[in-house]
Every structure is written in C-alpha cells, then in structure tokens.
file final.pdb (PDB, C-alpha atoms, pLDDT in the B column)
ATOM      1  CA  MET A  26      86.336   4.858 -12.575  1.00 44.00           C
ATOM      2  CA  THR A  27      82.748   6.192 -12.559  1.00 49.00           C
ATOM      3  CA  THR A  28      81.888   3.986  -9.584  1.00 46.00           C
ATOM      4  CA  LEU A  29      84.900   5.324  -7.696  1.00 41.00           C
ATOM      5  CA  LYS A  30      83.786   8.897  -8.382  1.00 44.00           C
ATOM      6  CA  ARG A  31      80.251   8.116  -7.205  1.00 43.00           C
ATOM      7  CA  MET A  32      81.563   6.503  -4.034  1.00 41.00           C
ATOM      8  CA  ALA A  33      83.798   9.508  -3.375  1.00 39.00           C
ATOM      9  CA  ALA A  34      80.845  11.859  -3.873  1.00 42.00           C
ATOM     10  CA  VAL A  35      78.682   9.785  -1.544  1.00 39.00           C
ATOM     11  CA  THR A  36      81.461   9.706   1.050  1.00 40.00           C
ATOM     12  CA  LEU A  37      81.832  13.483   0.926  1.00 37.00           C
ATOM     13  CA  THR A  38      78.070  13.888   1.233  1.00 39.00           C
ATOM     14  CA  VAL A  39      77.985  11.604   4.245  1.00 36.00           C
ATOM     15  CA  LEU A  40      80.830  13.451   5.916  1.00 36.00           C
ATOM     16  CA  ALA A  41      79.214  16.826   5.265  1.00 39.00           C
ATOM     17  CA  ALA A  42      75.902  15.661   6.681  1.00 39.00           C
ATOM     18  CA  TRP A  43      77.557  13.886   9.591  1.00 38.00           C
ATOM     19  CA  THR A  44      78.859  16.820  11.617  1.00 36.00           C
ATOM     20  CA  PRO A  45      75.846  18.716  13.070  1.00 39.00           C
ATOM     21  CA  LEU A  46      74.471  16.108  15.440  1.00 41.00           C
ATOM     22  CA  ARG A  47      77.560  13.948  15.943  1.00 42.00           C
ATOM     23  CA  ALA A  48      78.054  14.981  19.569  1.00 41.00           C
ATOM     24  CA  GLN A  49      74.527  13.876  20.414  1.00 43.00           C
ATOM     25  CA  GLU A  50      74.977  10.654  18.447  1.00 42.00           C
ATOM     26  CA  LEU A  51      78.145   9.826  20.370  1.00 40.00           C
ATOM     27  CA  GLU A  52      76.327  10.441  23.620  1.00 42.00           C
ATOM     28  CA  ALA A  53      73.449   8.192  22.577  1.00 43.00           C
ATOM     29  CA  SER A  54      75.709   5.430  21.299  1.00 42.00           C
ATOM     30  CA  ALA A  55      77.667   5.492  24.564  1.00 39.00           C
ATOM     31  CA  GLY A  56      74.479   4.408  26.278  1.00 40.00           C
ATOM     32  CA  GLY A  57      74.220   7.514  28.429  1.00 40.00           C
ATOM     33  CA  THR A  58      71.356   9.909  28.505  1.00 39.00           C
ATOM     34  CA  ALA A  59      71.559  13.670  28.566  1.00 41.00           C
ATOM     35  CA  VAL A  60      69.313  13.875  31.581  1.00 40.00           C
ATOM     36  CA  VAL A  61      71.417  11.518  33.663  1.00 38.00           C
ATOM     37  CA  ALA A  62      74.594  13.308  32.627  1.00 42.00           C
ATOM     38  CA  ALA A  63      73.020  16.678  33.320  1.00 43.00           C
ATOM     39  CA  GLU A  64      71.992  15.641  36.814  1.00 42.00           C
ATOM     40  CA  GLN A  65      75.461  14.402  37.714  1.00 44.00           C
ATOM     41  CA  PRO A  66      78.068  16.873  38.938  1.00 42.00           C
ATOM     42  CA  ALA A  67      80.138  18.338  36.151  1.00 44.00           C
ATOM     43  CA  ASP A  68      82.968  20.812  36.494  1.00 52.00           C
ATOM     44  CA  CYS A  69      80.630  23.052  38.422  1.00 57.00           C
ATOM     45  CA  GLU A  70      79.042  22.581  41.796  1.00 69.00           C
ATOM     46  CA  GLY A  71      75.623  20.961  41.605  1.00 77.00           C
ATOM     47  CA  GLY A  72      75.947  19.892  37.984  1.00 90.00           C
ATOM     48  CA  PRO A  73      74.736  21.570  34.804  1.00 94.00           C
ATOM     49  CA  ILE A  74      71.054  21.720  35.770  1.00 95.00           C
ATOM     50  CA  ALA A  75      71.870  23.513  39.015  1.00 95.00           C
ATOM     51  CA  VAL A  76      74.130  25.965  37.194  1.00 95.00           C
ATOM     52  CA  VAL A  77      71.514  26.664  34.509  1.00 96.00           C
ATOM     53  CA  ALA A  78      68.812  27.052  37.152  1.00 96.00           C
ATOM     54  CA  GLN A  79      70.949  29.442  39.169  1.00 96.00           C
ATOM     55  CA  PHE A  80      72.141  31.485  36.182  1.00 95.00           C
ATOM     56  CA  LEU A  81      68.662  31.848  34.716  1.00 96.00           C
ATOM     57  CA  GLY A  82      67.138  32.423  38.143  1.00 96.00           C
ATOM     58  CA  LEU A  83      64.664  29.567  37.812  1.00 97.00           C
ATOM     59  CA  ALA A  84      62.034  29.262  40.504  1.00 96.00           C
ATOM     60  CA  PRO A  85      61.965  25.922  42.352  1.00 96.00           C
ATOM     61  CA  GLU A  86      58.824  24.878  40.469  1.00 96.00           C
ATOM     62  CA  GLN A  87      60.518  25.509  37.095  1.00 97.00           C
ATOM     63  CA  VAL A  88      63.409  23.096  37.678  1.00 96.00           C
ATOM     64  CA  PRO A  89      61.352  19.868  37.482  1.00 96.00           C
ATOM     65  CA  LEU A  90      59.728  21.177  34.294  1.00 97.00           C
ATOM     66  CA  LEU A  91      63.188  21.710  32.784  1.00 97.00           C
ATOM     67  CA  VAL A  92      64.298  18.235  33.887  1.00 96.00           C
ATOM     68  CA  GLN A  93      61.154  16.714  32.343  1.00 97.00           C
ATOM     69  CA  ALA A  94      61.763  18.573  29.075  1.00 97.00           C
ATOM     70  CA  LEU A  95      65.335  17.258  28.994  1.00 97.00           C
ATOM     71  CA  HIS A  96      64.133  13.730  29.707  1.00 97.00           C
ATOM     72  CA  ASP A  97      61.429  13.881  27.042  1.00 98.00           C
ATOM     73  CA  ARG A  98      63.914  15.181  24.464  1.00 98.00           C
ATOM     74  CA  GLN A  99      66.362  12.387  25.217  1.00 97.00           C
ATOM     75  CA  GLN A 100      63.648   9.725  25.054  1.00 98.00           C
ATOM     76  CA  THR A 101      62.565  11.031  21.651  1.00 98.00           C
ATOM     77  CA  LEU A 102      66.076  11.543  20.266  1.00 97.00           C
ATOM     78  CA  ALA A 103      67.599   8.233  21.357  1.00 97.00           C
ATOM     79  CA  PRO A 104      65.984   6.027  18.678  1.00 98.00           C
ATOM     80  CA  ILE A 105      66.570   8.662  15.998  1.00 98.00           C
ATOM     81  CA  LEU A 106      70.258   8.953  16.839  1.00 97.00           C
ATOM     82  CA  GLN A 107      70.575   5.184  17.032  1.00 98.00           C
ATOM     83  CA  GLY A 108      69.048   4.918  13.568  1.00 98.00           C
ATOM     84  CA  ILE A 109      71.588   7.421  12.255  1.00 97.00           C
ATOM     85  CA  ALA A 110      74.482   5.530  13.840  1.00 97.00           C
ATOM     86  CA  ILE A 111      73.310   2.199  12.392  1.00 98.00           C
ATOM     87  CA  ARG A 112      72.999   3.664   8.906  1.00 97.00           C
ATOM     88  CA  GLU A 113      76.382   5.413   9.113  1.00 97.00           C
ATOM     89  CA  HIS A 114      77.976   2.142  10.168  1.00 97.00           C
ATOM     90  CA  ARG A 115      76.354   0.363   7.228  1.00 96.00           C
ATOM     91  CA  ILE A 116      77.614   3.054   4.844  1.00 96.00           C
ATOM     92  CA  GLY A 117      81.124   2.533   6.178  1.00 95.00           C
ATOM     93  CA  GLU A 118      80.820  -1.203   5.575  1.00 95.00           C
ATOM     94  CA  LEU A 119      79.517  -0.660   2.061  1.00 95.00           C
ATOM     95  CA  ILE A 120      82.261   1.798   1.177  1.00 94.00           C
ATOM     96  CA  ALA A 121      84.928  -0.514   2.575  1.00 94.00           C
ATOM     97  CA  THR A 122      83.675  -3.432   0.497  1.00 93.00           C
ATOM     98  CA  GLY A 123      82.872  -1.505  -2.670  1.00 91.00           C
ATOM     99  CA  GLY A 124      79.153  -1.807  -2.047  1.00 88.00           C
ATOM    100  CA  ASN A 125      76.270  -0.731  -4.208  1.00 91.00           C
ATOM    101  CA  PRO A 126      76.243   3.078  -4.659  1.00 93.00           C
ATOM    102  CA  ALA A 127      72.446   3.045  -4.901  1.00 95.00           C
ATOM    103  CA  GLU A 128      72.180   1.402  -1.477  1.00 95.00           C
ATOM    104  CA  ILE A 129      74.617   3.958  -0.083  1.00 95.00           C
ATOM    105  CA  GLY A 130      72.510   6.732  -1.596  1.00 95.00           C
ATOM    106  CA  VAL A 131      69.344   5.365   0.016  1.00 97.00           C
ATOM    107  CA  LEU A 132      71.109   5.253   3.387  1.00 97.00           C
ATOM    108  CA  VAL A 133      72.344   8.831   2.971  1.00 97.00           C
ATOM    109  CA  LEU A 134      68.798   9.980   2.248  1.00 97.00           C
ATOM    110  CA  GLN A 135      67.512   8.102   5.293  1.00 98.00           C
ATOM    111  CA  ILE A 136      70.184   9.726   7.458  1.00 98.00           C
ATOM    112  CA  HIS A 137      69.173  13.113   6.117  1.00 98.00           C
ATOM    113  CA  GLN A 138      65.540  12.451   7.020  1.00 98.00           C
ATOM    114  CA  LEU A 139      66.499  11.267  10.497  1.00 98.00           C
ATOM    115  CA  ARG A 140      68.627  14.374  11.021  1.00 98.00           C
ATOM    116  CA  GLN A 141      65.669  16.525  10.060  1.00 98.00           C
ATOM    117  CA  GLN A 142      63.590  14.667  12.643  1.00 98.00           C
ATOM    118  CA  ALA A 143      66.296  15.219  15.273  1.00 97.00           C
ATOM    119  CA  GLU A 144      66.449  18.923  14.430  1.00 98.00           C
ATOM    120  CA  ALA A 145      62.665  19.163  14.788  1.00 98.00           C
ATOM    121  CA  VAL A 146      62.853  17.452  18.187  1.00 98.00           C
ATOM    122  CA  GLN A 147      65.555  19.895  19.287  1.00 97.00           C
ATOM    123  CA  ALA A 148      63.553  22.873  18.030  1.00 97.00           C
ATOM    124  CA  ALA A 149      60.481  21.669  19.921  1.00 98.00           C
ATOM    125  CA  PHE A 150      62.605  21.209  23.049  1.00 97.00           C
ATOM    126  CA  LEU A 151      64.006  24.741  22.784  1.00 97.00           C
ATOM    127  CA  ALA A 152      60.507  26.158  22.297  1.00 97.00           C
ATOM    128  CA  ARG A 153      59.321  24.205  25.325  1.00 97.00           C
ATOM    129  CA  VAL A 154      62.172  25.528  27.462  1.00 97.00           C
ATOM    130  CA  GLU A 155      61.517  29.060  26.271  1.00 96.00           C
ATOM    131  CA  SER A 156      57.858  28.714  27.227  1.00 97.00           C
ATOM    132  CA  LEU A 157      58.930  27.885  30.791  1.00 96.00           C
ATOM    133  CA  LEU A 158      60.849  31.135  31.177  1.00 97.00           C
ATOM    134  CA  ASN A 159      59.740  34.623  32.093  1.00 97.00           C
ATOM    135  CA  ALA A 160      61.025  37.653  30.159  1.00 97.00           C
ATOM    136  CA  GLU A 161      64.126  38.203  32.314  1.00 97.00           C
ATOM    137  CA  GLN A 162      65.067  34.518  32.182  1.00 97.00           C
ATOM    138  CA  ARG A 163      64.578  34.484  28.407  1.00 97.00           C
ATOM    139  CA  MET A 164      66.921  37.457  28.072  1.00 96.00           C
ATOM    140  CA  ARG A 165      69.625  35.674  30.098  1.00 96.00           C
ATOM    141  CA  TRP A 166      69.176  32.527  28.035  1.00 96.00           C
ATOM    142  CA  GLN A 167      69.545  34.519  24.811  1.00 95.00           C
ATOM    143  CA  GLN A 168      72.771  36.035  26.194  1.00 95.00           C
ATOM    144  CA  VAL A 169      74.173  32.556  26.813  1.00 95.00           C
ATOM    145  CA  ARG A 170      73.181  31.446  23.338  1.00 94.00           C
ATOM    146  CA  LEU A 171      74.925  34.467  21.848  1.00 94.00           C
ATOM    147  CA  ALA A 172      78.029  33.774  23.944  1.00 93.00           C
ATOM    148  CA  ALA A 173      78.059  30.196  22.654  1.00 94.00           C
ATOM    149  CA  ARG A 174      78.053  31.447  19.061  1.00 94.00           C
ATOM    150  CA  LEU A 175      80.910  33.837  19.840  1.00 93.00           C
ATOM    151  CA  GLN A 176      82.999  31.289  21.746  1.00 93.00           C
ATOM    152  CA  PRO A 177      85.003  30.058  18.718  1.00 93.00           C
ATOM    153  CA  VAL A 178      86.474  33.513  18.104  1.00 94.00           C
ATOM    154  CA  VAL A 179      87.432  34.269  21.710  1.00 92.00           C
ATOM    155  CA  PRO A 180      90.835  32.496  21.581  1.00 94.00           C
ATOM    156  CA  ALA A 181      91.911  34.698  18.669  1.00 94.00           C
ATOM    157  CA  PHE A 182      91.046  37.811  20.657  1.00 92.00           C
ATOM    158  CA  GLN A 183      92.872  36.378  23.685  1.00 92.00           C
ATOM    159  CA  ALA A 184      95.947  35.584  21.594  1.00 94.00           C
ATOM    160  CA  LEU A 185      96.039  39.195  20.445  1.00 94.00           C
ATOM    161  CA  GLN A 186      95.360  40.396  24.016  1.00 92.00           C
ATOM    162  CA  MET A 187      92.274  42.252  22.846  1.00 92.00           C
ATOM    163  CA  LEU A 188      90.045  41.261  25.753  1.00 88.00           C
TER     164      LEU A 188
END
call {"tool": "encode", "arguments": {"input": "final.pdb", "output": "structure tokens"}}
result
Amino acid sequence: MTTLKRMAAVTLTVLAAWTPLRAQELEASAGGTAVVAAEQPADCEGGPIAVVAQFLGLAPEQVPLLVQALHDRQQTLAPILQGIAIREHRIGELIATGGNPAEIGVLVLQIHQLRQQAEAVQAAFLARVESLLNAEQRMRWQQVRLAARLQPVVPAFQALQML
C-alpha cells in the first residue's frame, strides 16, 4: 500500500509540474517550430509576426531582429522540451508497469530542472524582445501582456453583459 501511495504522490507531482510548458512541448513534439508557424498566415492577414509588428509599430529593421530572437529561442528550447517529453513518457511507462518509485522521482527532478531551463530561456527571450523596443512599443507590449492575463475572466463579464 505504501508503494501505491508513493506512486500516487509522484503522479500528482508530475501532473502539477506538467502544465506550464505543455503547449510548447506539444509544439516541439509535433516537429514544428515556433518561427515557421509564426511566419505562416494564421487567422490574421500576414501571420502573427506581421500582426505583432503592425500592432507594436515596429520599424522595418526591427522585424528581422524579432524573427531572429524567435528562431534562437526555438533552437534553444527544442532539445529541452524534447528532454521533458522523453522523461514524461518514461514516467508514464514506469507508472503503468509499477516501476521503481526512486527512478520516477529522479525523472521528476530532471523534468523540474529542464523546466527551469526552459523558463530561463523564455525569460531571456522576453528580455531580448524588450530590448528591441522603444518606450512606446514597450507600453503597447505591456498592454497586450495585461490583456492576456485578463482574458480568462472576459467570458464571465460577457455572460453577465458587463462589457
């Protein structure tokens, strides 16, 4: 019974740690890159890079710098996210077969370390993007970031017709 409790605790830990970067992991495991996807047309004319450039008012010389930053981030993140996916898969195999809890614990710790690396890469990317922007562009970017944080509550306000 103790082993079952340990496995349940490890499973809950894995699931709790799994969420933050899962969207990026899925993108990496699908074989696509963020830069390629960003350069392709999305739901908006010209694709996401064109929309971001237009909204922020990027000068023509800033766009290639943004594209390079996106490319560099993806190149750095890809092996990290692949390492996470491999370890998560192994944890699933171990849990399914009643594997060694110590091995599962080691994998969970490795995933945690890889997630910290991915977060550091993302933070460096955001700092790099911010350094490309002038004061007005930075203000617009901060507005978008705030809107993104508020997005989950918008449907509730819409349902109550408070917008």
call {"tool": "atom_distance", "arguments": {"input": "final.pdb", "atom1": "CA of Val146 (chain A)", "atom2": "CA of Val178 (chain A)"}}
result
28.6 Å
call {"tool": "closest_residue", "arguments": {"input": "final.pdb", "among": "A:Asn125, A:Gln93, A:Gln87, A:Gln99", "to": "Leu158 (chain A)", "atoms": "only C-alpha atoms"}}
result
A:Gln87
call {"tool": "resolve_selection", "arguments": {"input": "final.pdb", "expression": "the PyMOL selection byres ((chain A and resi 108-121) around 7)", "output": "PDB file with C-alpha atoms, keeping the file's coordinate frame"}}
result
ATOM      1  CA  GLU A  50      74.977  10.654  18.447  1.00 42.00           C
ATOM      2  CA  PRO A 104      65.984   6.027  18.678  1.00 98.00           C
ATOM      3  CA  ILE A 105      66.570   8.662  15.998  1.00 98.00           C
ATOM      4  CA  LEU A 106      70.258   8.953  16.839  1.00 97.00           C
ATOM      5  CA  GLN A 107      70.575   5.184  17.032  1.00 98.00           C
ATOM      6  CA  THR A 122      83.675  -3.432   0.497  1.00 93.00           C
ATOM      7  CA  GLY A 123      82.872  -1.505  -2.670  1.00 91.00           C
ATOM      8  CA  GLY A 124      79.153  -1.807  -2.047  1.00 88.00           C
ATOM      9  CA  ILE A 129      74.617   3.958  -0.083  1.00 95.00           C
ATOM     10  CA  LEU A 132      71.109   5.253   3.387  1.00 97.00           C
ATOM     11  CA  ILE A 136      70.184   9.726   7.458  1.00 98.00           C
ATOM     12  CA  LEU A 139      66.499  11.267  10.497  1.00 98.00           C
TER      13      LEU A 139
END
call {"tool": "atom_distance", "arguments": {"input": "final.pdb", "atom1": "CA of Glu155 (chain A)", "atom2": "CA of Gln142 (chain A)"}}
result
19.9 Å
call {"tool": "atom_distance", "arguments": {"input": "final.pdb", "atom1": "CA of Leu102 (chain A)", "atom2": "CA of Gln138 (chain A)"}}
result
13.3 Å
call {"tool": "build_atoms", "arguments": {"input": "final.pdb", "residues": "region 135-158 of chain A", "atoms": "N, CA, C and O atoms", "output": "CSV table (one decimal), keeping the file's coordinate frame"}}
result
chain,number,residue,atom,x,y,z
A,135,GLN,N,68.1,8.5,4.0
A,135,GLN,CA,67.5,8.1,5.3
A,135,GLN,C,68.2,8.9,6.4
A,135,GLN,O,67.5,9.3,7.3
A,136,ILE,N,69.5,9.0,6.4
A,136,ILE,CA,70.2,9.7,7.5
A,136,ILE,C,69.7,11.2,7.4
A,136,ILE,O,69.5,11.8,8.5
A,137,HIS,N,69.6,11.7,6.2
A,137,HIS,CA,69.2,13.1,6.1
A,137,HIS,C,67.8,13.3,6.7
A,137,HIS,O,67.5,14.3,7.5
A,138,GLN,N,66.9,12.4,6.5
A,138,GLN,CA,65.5,12.5,7.0
A,138,GLN,C,65.6,12.3,8.5
A,138,GLN,O,64.9,13.0,9.3
A,139,LEU,N,66.4,11.4,9.0
A,139,LEU,CA,66.5,11.3,10.5
A,139,LEU,C,67.1,12.5,11.1
A,139,LEU,O,66.7,12.9,12.2
A,140,ARG,N,68.1,13.1,10.5
A,140,ARG,CA,68.6,14.4,11.0
A,140,ARG,C,67.6,15.5,11.1
A,140,ARG,O,67.5,16.3,12.0
A,141,GLN,N,66.7,15.5,10.1
A,141,GLN,CA,65.7,16.5,10.1
A,141,GLN,C,64.7,16.3,11.2
A,141,GLN,O,64.3,17.2,11.9
A,142,GLN,N,64.4,15.0,11.5
A,142,GLN,CA,63.6,14.7,12.6
A,142,GLN,C,64.3,15.1,13.9
A,142,GLN,O,63.6,15.7,14.8
A,143,ALA,N,65.6,14.8,14.1
A,143,ALA,CA,66.3,15.2,15.3
A,143,ALA,C,66.3,16.7,15.4
A,143,ALA,O,66.2,17.2,16.6
A,144,GLU,N,66.5,17.5,14.4
A,144,GLU,CA,66.4,18.9,14.4
A,144,GLU,C,65.1,19.4,14.9
A,144,GLU,O,65.0,20.4,15.6
A,145,ALA,N,64.0,18.8,14.4
A,145,ALA,CA,62.7,19.2,14.8
A,145,ALA,C,62.4,18.9,16.3
A,145,ALA,O,61.8,19.7,17.0
A,146,VAL,N,63.0,17.8,16.8
A,146,VAL,CA,62.9,17.5,18.2
A,146,VAL,C,63.6,18.5,19.0
A,146,VAL,O,63.1,19.0,20.0
A,147,GLN,N,64.8,18.9,18.6
A,147,GLN,CA,65.6,19.9,19.3
A,147,GLN,C,64.8,21.2,19.3
A,147,GLN,O,64.8,21.9,20.3
A,148,ALA,N,64.3,21.6,18.1
A,148,ALA,CA,63.6,22.9,18.0
A,148,ALA,C,62.3,22.9,19.0
A,148,ALA,O,62.1,23.9,19.6
A,149,ALA,N,61.6,21.8,19.0
A,149,ALA,CA,60.5,21.7,19.9
A,149,ALA,C,60.9,21.8,21.4
A,149,ALA,O,60.3,22.4,22.2
A,150,PHE,N,62.1,21.1,21.7
A,150,PHE,CA,62.6,21.2,23.0
A,150,PHE,C,62.9,22.7,23.4
A,150,PHE,O,62.6,23.1,24.5
A,151,LEU,N,63.6,23.3,22.5
A,151,LEU,CA,64.0,24.7,22.8
A,151,LEU,C,62.8,25.6,23.0
A,151,LEU,O,62.7,26.5,23.8
A,152,ALA,N,61.8,25.4,22.2
A,152,ALA,CA,60.5,26.2,22.3
A,152,ALA,C,59.8,25.9,23.6
A,152,ALA,O,59.3,26.8,24.3
A,153,ARG,N,59.9,24.6,24.0
A,153,ARG,CA,59.3,24.2,25.3
A,153,ARG,C,60.1,24.9,26.5
A,153,ARG,O,59.4,25.4,27.4
A,154,VAL,N,61.4,24.9,26.4
A,154,VAL,CA,62.2,25.5,27.5
A,154,VAL,C,61.8,27.0,27.5
A,154,VAL,O,61.6,27.6,28.6
A,155,GLU,N,61.8,27.6,26.3
A,155,GLU,CA,61.5,29.1,26.3
A,155,GLU,C,60.2,29.4,26.9
A,155,GLU,O,60.0,30.4,27.6
A,156,SER,N,59.2,28.5,26.7
A,156,SER,CA,57.9,28.7,27.2
A,156,SER,C,57.8,28.6,28.8
A,156,SER,O,56.9,29.1,29.4
A,157,LEU,N,58.8,28.0,29.3
A,157,LEU,CA,58.9,27.9,30.8
A,157,LEU,C,59.5,29.2,31.4
A,157,LEU,O,59.3,29.3,32.6
A,158,LEU,N,60.1,30.0,30.6
A,158,LEU,CA,60.8,31.1,31.2
A,158,LEU,C,60.0,32.4,31.2
A,158,LEU,O,59.2,32.6,30.3
